[in-house]
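Source file: structure-v7.pdb; contents: PDB, C-alpha atoms and all ligand atoms.
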MODEL        1
ATOM      1  CA  MET G   1      23.594-168.941-118.025  1.00  0.00           C
ATOM      2  CA  THR G   2      26.438-167.877-115.756  1.00  0.00           C
ATOM      3  CA  THR G   3      26.671-167.127-112.064  1.00  0.00           C
ATOM      4  CA  CYS G   4      26.617-163.890-110.082  1.00  0.00           C
ATOM      5  CA  ARG G   5      30.206-162.990-109.273  1.00  0.00           C
ATOM      6  CA  VAL G   6      29.175-161.665-105.870  1.00  0.00           C
ATOM      7  CA  CYS G   7      26.888-164.353-104.479  1.00  0.00           C
ATOM      8  CA  GLY G   8      27.339-167.159-106.982  1.00  0.00           C
ATOM      9  CA  VAL G   9      23.637-167.615-107.716  1.00  0.00           C
ATOM     10  CA  ARG G  10      22.787-168.757-111.241  1.00  0.00           C
ATOM     11  CA  SER G  11      22.024-165.749-113.404  1.00  0.00           C
ATOM     12  CA  VAL G  12      21.889-164.642-117.069  1.00  0.00           C
ATOM     13  CA  ARG G  13      24.360-161.864-116.291  1.00  0.00           C
ATOM     14  CA  PRO G  14      27.626-161.723-114.293  1.00  0.00           C
ATOM     15  CA  LEU G  15      25.568-160.084-111.565  1.00  0.00           C
ATOM     16  CA  CYS G  16      22.213-161.361-110.293  1.00  0.00           C
ATOM     17  CA  PRO G  17      19.364-158.788-110.335  1.00  0.00           C
ATOM     18  CA  THR G  18      19.910-158.078-106.632  1.00  0.00           C
ATOM     19  CA  HIS G  19      23.573-157.270-106.987  1.00  0.00           C
ATOM     20  CA  GLN G  20      23.067-155.480-110.298  1.00  0.00           C
ATOM     21  CA  ALA G  21      20.662-153.104-108.515  1.00  0.00           C
ATOM     22  CA  ALA G  22      23.042-152.684-105.589  1.00  0.00           C
ATOM     23  CA  LEU G  23      25.878-151.752-107.923  1.00  0.00           C
ATOM     24  CA  ALA G  24      23.738-149.231-109.813  1.00  0.00           C
ATOM     25  CA  ALA G  25      22.617-147.625-106.558  1.00  0.00           C
ATOM     26  CA  ARG G  26      26.205-147.301-105.363  1.00  0.00           C
ATOM     27  CA  LYS G  27      27.309-145.753-108.656  1.00  0.00           C
ATOM     28  CA  SER G  28      24.565-143.142-108.722  1.00  0.00           C
ATOM     29  CA  ALA G  29      25.134-142.249-105.064  1.00  0.00           C
ATOM     30  CA  ARG G  30      28.786-141.626-105.791  1.00  0.00           C
ATOM     31  CA  ARG G  31      28.031-139.566-108.881  1.00  0.00           C
ATOM     32  CA  GLY G  32      25.703-137.348-106.842  1.00  0.00           C
ATOM     33  CA  GLY G  33      28.199-137.120-103.999  1.00  0.00           C
ATOM     34  CA  TRP G  34      30.966-135.809-106.190  1.00  0.00           C
ATOM     35  CA  LYS G  35      28.880-133.128-107.839  1.00  0.00           C
ATOM     36  CA  ARG G  36      27.199-131.766-104.735  1.00  0.00           C
ATOM     37  CA  LYS G  37      28.889-129.090-102.675  1.00  0.00           C
ATOM     38  CA  PRO G  38      27.901-129.858 -99.123  1.00  0.00           C
ATOM     39  CA  GLY G  39      26.998-126.764 -97.136  1.00  0.00           C
ATOM     40  CA  ALA G  40      26.413-124.487-100.111  1.00  0.00           C
ATOM     41  CA  ASP G  41      22.646-124.772 -99.896  1.00  0.00           C
ATOM     42  CA  ALA G  42      22.830-124.495 -96.107  1.00  0.00           C
ATOM     43  CA  ALA G  43      24.835-121.264 -96.362  1.00  0.00           C
ATOM     44  CA  LYS G  44      22.313-119.748 -98.790  1.00  0.00           C
ATOM     45  CA  ALA G  45      19.430-120.769 -96.545  1.00  0.00           C
ATOM     46  CA  ARG G  46      21.118-119.317 -93.457  1.00  0.00           C
ATOM     47  CA  ASP G  47      22.126-116.012 -95.091  1.00  0.00           C
ATOM     48  CA  GLY G  48      18.888-115.549 -97.027  1.00  0.00           C
ATOM     49  CA  GLY G  49      20.693-113.841 -99.910  1.00  0.00           C
ATOM     50  CA  CYS G  50      23.802-111.796-100.480  1.00  0.00           C
ATOM     51  CA  VAL G  51      25.404-110.830 -97.133  1.00  0.00           C
ATOM     52  CA  MET G  52      26.770-107.586 -98.633  1.00  0.00           C
ATOM     53  CA  ARG G  53      23.472-106.359-100.065  1.00  0.00           C
ATOM     54  CA  GLY G  54      23.159-102.612 -99.742  1.00  0.00           C
ATOM     55  CA  ARG G  55      26.902-102.067 -99.549  1.00  0.00           C
ATOM     56  CA  GLY G  56      28.714-100.124-102.244  1.00  0.00           C
ATOM     57  CA  SER G  57      26.823-101.286-105.276  1.00  0.00           C
ATOM     58  CA  PRO G  58      23.564-103.077-105.966  1.00  0.00           C
ATOM     59  CA  CYS G  59      23.437-106.860-106.000  1.00  0.00           C
ATOM     60  CA  ARG G  60      23.743-108.424-109.407  1.00  0.00           C
ATOM     61  CA  GLY G  61      24.200-111.893-110.792  1.00  0.00           C
ATOM     62  CA  PRO G  62      23.625-115.324-109.329  1.00  0.00           C
ATOM     63  CA  LEU G  63      24.243-116.063-105.676  1.00  0.00           C
ATOM     64  CA  GLN G  64      27.537-117.754-104.950  1.00  0.00           C
ATOM     65  CA  VAL G  65      28.908-119.261-101.781  1.00  0.00           C
ATOM     66  CA  ASP G  66      32.230-117.756-100.780  1.00  0.00           C
ATOM     67  CA  HIS G  67      34.794-118.900 -98.239  1.00  0.00           C
ATOM     68  CA  ILE G  68      35.359-116.074 -95.738  1.00  0.00           C
ATOM     69  CA  VAL G  69      38.908-117.319 -95.151  1.00  0.00           C
ATOM     70  CA  PRO G  70      39.946-118.805 -98.512  1.00  0.00           C
ATOM     71  CA  LEU G  71      40.800-122.483 -98.527  1.00  0.00           C
ATOM     72  CA  SER G  72      44.144-121.468-100.028  1.00  0.00           C
ATOM     73  CA  ALA G  73      44.813-119.416 -96.869  1.00  0.00           C
ATOM     74  CA  GLY G  74      43.997-122.292 -94.552  1.00  0.00           C
ATOM     75  CA  GLY G  75      40.268-121.642 -94.192  1.00  0.00           C
ATOM     76  CA  ALA G  76      37.998-124.536 -93.301  1.00  0.00           C
ATOM     77  CA  ASP G  77      35.407-125.969 -95.658  1.00  0.00           C
ATOM     78  CA  THR G  78      32.678-125.549 -93.053  1.00  0.00           C
ATOM     79  CA  LEU G  79      29.393-123.663 -92.900  1.00  0.00           C
ATOM     80  CA  ALA G  80      30.903-121.254 -90.357  1.00  0.00           C
ATOM     81  CA  ASN G  81      33.510-120.208 -92.924  1.00  0.00           C
ATOM     82  CA  LYS G  82      30.992-119.665 -95.716  1.00  0.00           C
ATOM     83  CA  GLN G  83      28.993-116.660 -96.747  1.00  0.00           C
ATOM     84  CA  THR G  84      26.552-116.040 -99.555  1.00  0.00           C
ATOM     85  CA  LEU G  85      27.474-113.326-102.024  1.00  0.00           C
ATOM     86  CA  CYS G  86      25.983-112.272-105.310  1.00  0.00           C
ATOM     87  CA  ALA G  87      28.373-112.348-108.254  1.00  0.00           C
ATOM     88  CA  GLU G  88      28.808-108.571-108.082  1.00  0.00           C
ATOM     89  CA  HIS G  89      29.715-108.473-104.384  1.00  0.00           C
ATOM     90  CA  HIS G  90      31.869-111.560-104.753  1.00  0.00           C
ATOM     91  CA  ARG G  91      33.888-109.581-107.276  1.00  0.00           C
ATOM     92  CA  LEU G  92      33.943-106.490-105.031  1.00  0.00           C
ATOM     93  CA  LYS G  93      34.581-108.124-101.674  1.00  0.00           C
ATOM     94  CA  ASP G  94      38.321-107.604-101.874  1.00  0.00           C
ATOM     95  CA  VAL G  95      38.040-103.889-102.631  1.00  0.00           C
ATOM     96  CA  LEU G  96      35.141-102.858-100.384  1.00  0.00           C
ATOM     97  CA  PRO G  97      36.030-102.258 -96.729  1.00  0.00           C
ATOM     98  CA  ALA G  98      34.843-105.068 -94.449  1.00  0.00           C
TER
HETATM   99 ZN    ZN P   1      24.284-161.810-106.460  1.00  0.00          ZN
HETATM  100 ZN    ZN P   2      25.263-108.553-103.375  1.00  0.00          ZN
ENDMDL
END
Can you dump the structure from the file as structure tokens?
Ligand SMILES: [Zn+2]
Ligand SMILES: [Zn+2]
Amino acid sequence: MTTCRVCGVRSVRPLCPTHQAALAARKSARRGGWKRKPGADAAKARDGGCVMRGRGSPCRGPLQVDHIVPLSAGGADTLANKQTLCAEHHRLKDVLPA
């Protein structure tokens, strides 16, 4: 027997079941938060597919979310600065006229 290091209640582990569960929940929330790209799903839902479909060459490959103004050029990481492109048009977007 030891005591919970958060609340001090007697427990078989350094954390009581309550605080053990709280810690696990916080860990998994953080893991999910780091992997998710906020706004990517929203951009795909708003655009309903590749925004350059029908231009130049047929759509091909998985849909990707592109920054209209690249982050490296000072673009914002917001939905307004995102567009959905297929892999093919993502590759071509710099060579096709806007
Ligand atoms: Zn506790
Ligand atoms: Zn496309």
(request) Please write out the residues within 8 Å of ligand ZN 2 (chain P) as a PyMOL selection string, counting all atoms listed in the file. (result) chain G and resi 49-55+57-60+63+85-90
(request) Would you mind telling me which residue in G:Gly75, G:Gly39, G:Gly48, G:Pro17 lies nearest to ligand ZN 1 (chain P) when using all atoms listed in the file? (result)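 Going through G:Gly75, G:Gly39, G:Gly48, G:Pro17 one by one, the smallest distance to ligand ZN 1 (chain P) is for G:Pro17.
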Could you make a table, as a Markdown table, of the residues of chain G that have an atom within 7 Å of an atom of ligand ZN 1 (chain P), each with its nearest atom pair and distance in Å to one decimal, counting all atoms listed in the file, in chain and number order?
| residue | atom | partner | partner_atom | distance |
| --- | --- | --- | --- | --- |
| G:Cys4 | CA | P:ZN1 | ZN | 4.8 |
| G:Arg5 | CA | P:ZN1 | ZN | 6.7 |
| G:Val6 | CA | P:ZN1 | ZN | 4.9 |
| G:Cys7 | CA | P:ZN1 | ZN | 4.1 |
| G:Gly8 | CA | P:ZN1 | ZN | 6.2 |
| G:Val9 | CA | P:ZN1 | ZN | 6.0 |
| G:Leu15 | CA | P:ZN1 | ZN | 5.5 |
| G:Cys16 | CA | P:ZN1 | ZN | 4.4 |
| G:Pro17 | CA | P:ZN1 | ZN | 7.0 |
| G:Thr18 | CA | P:ZN1 | ZN | 5.8 |
| G:His19 | CA | P:ZN1 | ZN | 4.6 |
(message) As a check of understanding, name the residues that the PyMOL selection byres (((chain G and resi 40) around 9) and not hetatm) selects in the supplied structure, as JSON, numbers by chain.
(response) {"G": [36, 37, 38, 39, 41, 42, 43, 44, 45, 64, 65, 66, 79, 82, 83, 84]}
(request) Quick one: pull the distance between atom CA of Leu92 of chain G and atom CA of Pro70 of chain G, Å, one decimal. (result)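 Atom CA of Pro70 of chain G lies at a distance of 15.2 Å from atom CA of Leu92 of chain G.
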I need the residue set behind the PyMOL selection byres (((chain G and resi 12) around 8) and not hetatm) for this file; please write it as a PDB file with C-alpha atoms, in the frame of the given file.
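For reference, part_26.pdb as written:
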ATOM      1  CA  MET G   1      23.594-168.941-118.025  1.00  0.00           C
ATOM      2  CA  THR G   2      26.438-167.877-115.756  1.00  0.00           C
ATOM      3  CA  THR G   3      26.671-167.127-112.064  1.00  0.00           C
ATOM      4  CA  ARG G  10      22.787-168.757-111.241  1.00  0.00           C
ATOM      5  CA  SER G  11      22.024-165.749-113.404  1.00  0.00           C
ATOM      6  CA  ARG G  13      24.360-161.864-116.291  1.00  0.00           C
ATOM      7  CA  PRO G  14      27.626-161.723-114.293  1.00  0.00           C
ATOM      8  CA  CYS G  16      22.213-161.361-110.293  1.00  0.00           C
TER       9      CYS G  16
END
(request) One decimal, Å: what's the distance from atom CA of Arg91 of chain G over to atom CA of Asp77 of chain G, could you say? (result) 20.1 Å
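Every protein or nucleic acid residue with an atom no more than 7 Å from Asn81 of chain G, counting only C-alpha atoms and leaving out same-chain residues fewer than 4 positions away, appears here: G:His67, G:Ile68, G:Val69, G:Ala76, G:Asp77.
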(message) One number please: atom CA of Asp94 of chain G to atom CA of Gly61 of chain G, in Å, one decimal.
(response) 17.2 Å
